[in-house]
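Colleague: Before we start, here is the structure in question, set down as structure tokens.
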Amino acid sequence: MLVSQILKSKGSEGVLTVTPETLVSEAAKILAEKGIGTVMVSVDGEVPAGILSERDIVRELARSGSGCLKDSVETYMTSNLVTCGRNDDAVEVLEKMTQGRFRHMPVLEDGKLVGLVSLGDAVKARLSELAMEKDALQGMIMGH
Ligand code: AMP
């Protein structure tokens, strides 16, 4: 299955972004309100500058206390991004996330954000693909 199919099944290809100057407290509010685990950071809403995950916030809270909530997201975001393209295979994306121990993969086209695939999205897509393969194989064995 391709990344583009996962994005299609999610219904929307838009990605929520915040600017690098956004406060960590505002980003935390967005994560909580939207029920998501990360927010992409971008100056223009298109070219990614980094990603800020709930883990980045929790790590800094534990390290330095609640003062970090008043800092900007660019202080704690990860700017060395691992990304994928629409035509990449979902299993490879899953492997990259597993190896890198992160749960979100920005999808880029011409250097611009076109989607975000979570570990959950990729696992769901793989499970439904495996279920279809199983049905097809069972059909072949049973002769229908
Ligand atoms: P996550 O598991 O996605 O909540 O993120 C765990 C850590 O990996 C955090 O420090 C994130 O900033 C970082 N991270 C998440 N996604 C990516 C990615 N695609 N490329 C590089 N780092 C990432």
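Chain labels A, B, ... are given in the sequence in which chains occur in the structure tokens; within each chain residues are numbered consecutively from 1, and ligands are likewise numbered from 1 in the order shown.
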At a cut-off of 8 Å around ligand 1, and using only C-alpha atoms and all ligand atoms, what residues come up? Please write them as an MDAnalysis selection string.
Modeller: chainID A and resid 37:38 50:56 76:83 97 100:106 118
Colleague: At what distance in Å, to one decimal, does atom CA of A:Gly139 lie from atom CA of A:Val91?
Modeller: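 Separation of atom CA of A:Val91 and atom CA of A:Gly139: 24.5 Å.
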Colleague: Quick one: DSSP helix (DSSP H, G or I) residues in chain A, as a PyMOL selection string?
Modeller: chain A and resi 3-10+24-34+54-64+66-70+73-75+90-100+119-142
Colleague: As a list in words, please: every residue in chain A that DSSP puts in strand (DSSP E).
Modeller: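 These are the residues in question: Thr17, Val18, Thr38, Val39, Met40, Val41, Ser42, Pro48, Ala49, Gly50, Ile51, Leu52, Ser53, His104, Met105, Pro106, Val107, Leu108, Glu109, Lys112, Leu113, Val114, Gly115, Leu116, Val117 and Ser118 of chain A.
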Colleague: Restricting it to N, CA and C atoms, dump the selection as a PDB file, in the first residue's frame.
Modeller:
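Here's the written file again-v4.pdb:
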ATOM      1  N   THR A  17      -0.266  23.109  11.255  1.00  0.00           N
ATOM      2  CA  THR A  17       1.076  23.614  11.566  1.00  0.00           C
ATOM      3  C   THR A  17       0.984  24.786  12.540  1.00  0.00           C
ATOM      4  N   VAL A  18       2.077  25.016  13.254  1.00  0.00           N
ATOM      5  CA  VAL A  18       2.207  26.232  14.064  1.00  0.00           C
ATOM      6  C   VAL A  18       3.514  26.894  13.660  1.00  0.00           C
ATOM      7  N   THR A  38       1.323  15.224  17.886  1.00  0.00           N
ATOM      8  CA  THR A  38       2.395  16.108  17.406  1.00  0.00           C
ATOM      9  C   THR A  38       1.807  17.258  16.615  1.00  0.00           C
ATOM     10  N   VAL A  39       2.605  18.278  16.497  1.00  0.00           N
ATOM     11  CA  VAL A  39       2.233  19.370  15.617  1.00  0.00           C
ATOM     12  C   VAL A  39       3.461  19.711  14.771  1.00  0.00           C
ATOM     13  N   MET A  40       3.208  19.955  13.491  1.00  0.00           N
ATOM     14  CA  MET A  40       4.313  20.335  12.617  1.00  0.00           C
ATOM     15  C   MET A  40       4.594  21.821  12.811  1.00  0.00           C
ATOM     16  N   VAL A  41       5.874  22.182  12.704  1.00  0.00           N
ATOM     17  CA  VAL A  41       6.267  23.580  12.858  1.00  0.00           C
ATOM     18  C   VAL A  41       6.716  24.094  11.494  1.00  0.00           C
ATOM     19  N   SER A  42       6.157  25.241  11.102  1.00  0.00           N
ATOM     20  CA  SER A  42       6.473  25.788   9.784  1.00  0.00           C
ATOM     21  C   SER A  42       6.259  27.296   9.798  1.00  0.00           C
ATOM     22  N   PRO A  48       8.292  22.475   6.087  1.00  0.00           N
ATOM     23  CA  PRO A  48       8.449  22.146   7.498  1.00  0.00           C
ATOM     24  C   PRO A  48       9.787  22.616   8.079  1.00  0.00           C
ATOM     25  N   ALA A  49       9.710  23.159   9.298  1.00  0.00           N
ATOM     26  CA  ALA A  49      10.932  23.564  10.007  1.00  0.00           C
ATOM     27  C   ALA A  49      11.249  22.529  11.085  1.00  0.00           C
ATOM     28  N   GLY A  50      10.213  21.804  11.524  1.00  0.00           N
ATOM     29  CA  GLY A  50      10.420  20.804  12.562  1.00  0.00           C
ATOM     30  C   GLY A  50       9.115  20.183  12.992  1.00  0.00           C
ATOM     31  N   ILE A  51       9.234  19.324  14.001  1.00  0.00           N
ATOM     32  CA  ILE A  51       8.050  18.662  14.544  1.00  0.00           C
ATOM     33  C   ILE A  51       8.154  18.721  16.079  1.00  0.00           C
ATOM     34  N   LEU A  52       7.031  19.021  16.728  1.00  0.00           N
ATOM     35  CA  LEU A  52       7.016  19.034  18.194  1.00  0.00           C
ATOM     36  C   LEU A  52       6.015  17.986  18.650  1.00  0.00           C
ATOM     37  N   SER A  53       6.521  17.046  19.437  1.00  0.00           N
ATOM     38  CA  SER A  53       5.679  15.951  19.907  1.00  0.00           C
ATOM     39  C   SER A  53       5.367  16.143  21.395  1.00  0.00           C
ATOM     40  N   HIS A 104       5.460   9.542  14.004  1.00  0.00           N
ATOM     41  CA  HIS A 104       4.851  10.440  13.015  1.00  0.00           C
ATOM     42  C   HIS A 104       5.784  10.656  11.839  1.00  0.00           C
ATOM     43  N   MET A 105       5.209  10.612  10.639  1.00  0.00           N
ATOM     44  CA  MET A 105       6.022  10.768   9.434  1.00  0.00           C
ATOM     45  C   MET A 105       5.389  11.830   8.528  1.00  0.00           C
ATOM     46  N   PRO A 106       6.050  12.983   8.406  1.00  0.00           N
ATOM     47  CA  PRO A 106       5.531  14.004   7.489  1.00  0.00           C
ATOM     48  C   PRO A 106       5.677  13.535   6.042  1.00  0.00           C
ATOM     49  N   VAL A 107       4.667  13.840   5.241  1.00  0.00           N
ATOM     50  CA  VAL A 107       4.710  13.488   3.817  1.00  0.00           C
ATOM     51  C   VAL A 107       4.985  14.771   3.040  1.00  0.00           C
ATOM     52  N   LEU A 108       6.055  14.749   2.239  1.00  0.00           N
ATOM     53  CA  LEU A 108       6.446  15.956   1.500  1.00  0.00           C
ATOM     54  C   LEU A 108       6.330  15.758  -0.006  1.00  0.00           C
ATOM     55  N   GLU A 109       5.995  16.861  -0.674  1.00  0.00           N
ATOM     56  CA  GLU A 109       6.022  16.872  -2.141  1.00  0.00           C
ATOM     57  C   GLU A 109       6.664  18.192  -2.532  1.00  0.00           C
ATOM     58  N   LYS A 112       7.310  20.506   0.243  1.00  0.00           N
ATOM     59  CA  LYS A 112       6.180  21.057   1.011  1.00  0.00           C
ATOM     60  C   LYS A 112       5.346  19.952   1.646  1.00  0.00           C
ATOM     61  N   LEU A 113       4.769  20.280   2.800  1.00  0.00           N
ATOM     62  CA  LEU A 113       3.968  19.301   3.538  1.00  0.00           C
ATOM     63  C   LEU A 113       2.657  19.013   2.818  1.00  0.00           C
ATOM     64  N   VAL A 114       2.374  17.726   2.584  1.00  0.00           N
ATOM     65  CA  VAL A 114       1.077  17.378   1.997  1.00  0.00           C
ATOM     66  C   VAL A 114       0.300  16.415   2.903  1.00  0.00           C
ATOM     67  N   GLY A 115       0.932  15.966   3.970  1.00  0.00           N
ATOM     68  CA  GLY A 115       0.220  15.071   4.878  1.00  0.00           C
ATOM     69  C   GLY A 115       1.092  14.650   6.036  1.00  0.00           C
ATOM     70  N   LEU A 116       0.472  13.948   6.969  1.00  0.00           N
ATOM     71  CA  LEU A 116       1.206  13.411   8.123  1.00  0.00           C
ATOM     72  C   LEU A 116       0.627  12.027   8.412  1.00  0.00           C
ATOM     73  N   VAL A 117       1.500  11.035   8.412  1.00  0.00           N
ATOM     74  CA  VAL A 117       1.053   9.662   8.683  1.00  0.00           C
ATOM     75  C   VAL A 117       1.514   9.278  10.083  1.00  0.00           C
ATOM     76  N   SER A 118       0.566   8.837  10.905  1.00  0.00           N
ATOM     77  CA  SER A 118       0.945   8.397  12.248  1.00  0.00           C
ATOM     78  C   SER A 118       1.205   6.891  12.224  1.00  0.00           C
TER      79      SER A 118
END
Colleague: Using only C-alpha atoms for the distances, tell me which of A:Asp110, A:Glu74, A:Gly143, A:Ser25 is nearest to A:Leu61.
Modeller: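 Ranked by minimum distance to A:Leu61, first place goes to A:Ser25.
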Colleague: In Å to one decimal, how far is atom CA of A:Met132 from atom CA of A:Ile36?
Modeller: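 We find that atom CA of A:Ile36 and atom CA of A:Met132 lie 28.6 Å from each other.
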Colleague: For A:Ala27, which residue out of A:Ser9, A:Arg59, A:Asp71, A:Glu46 is the nearest one, using only C-alpha atoms?
Modeller: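 The closest residue to A:Ala27 is A:Asp71.
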Colleague: List the neighbours of A:Ile6 out to 12 Å using only C-alpha atoms; skip same-chain residues closer than 3 positions along the sequence, and give me the result as number ranges by chain.
Modeller: A: 1-3, 9-13, 85-91, 93, 105, 107, 115-126, 128-129
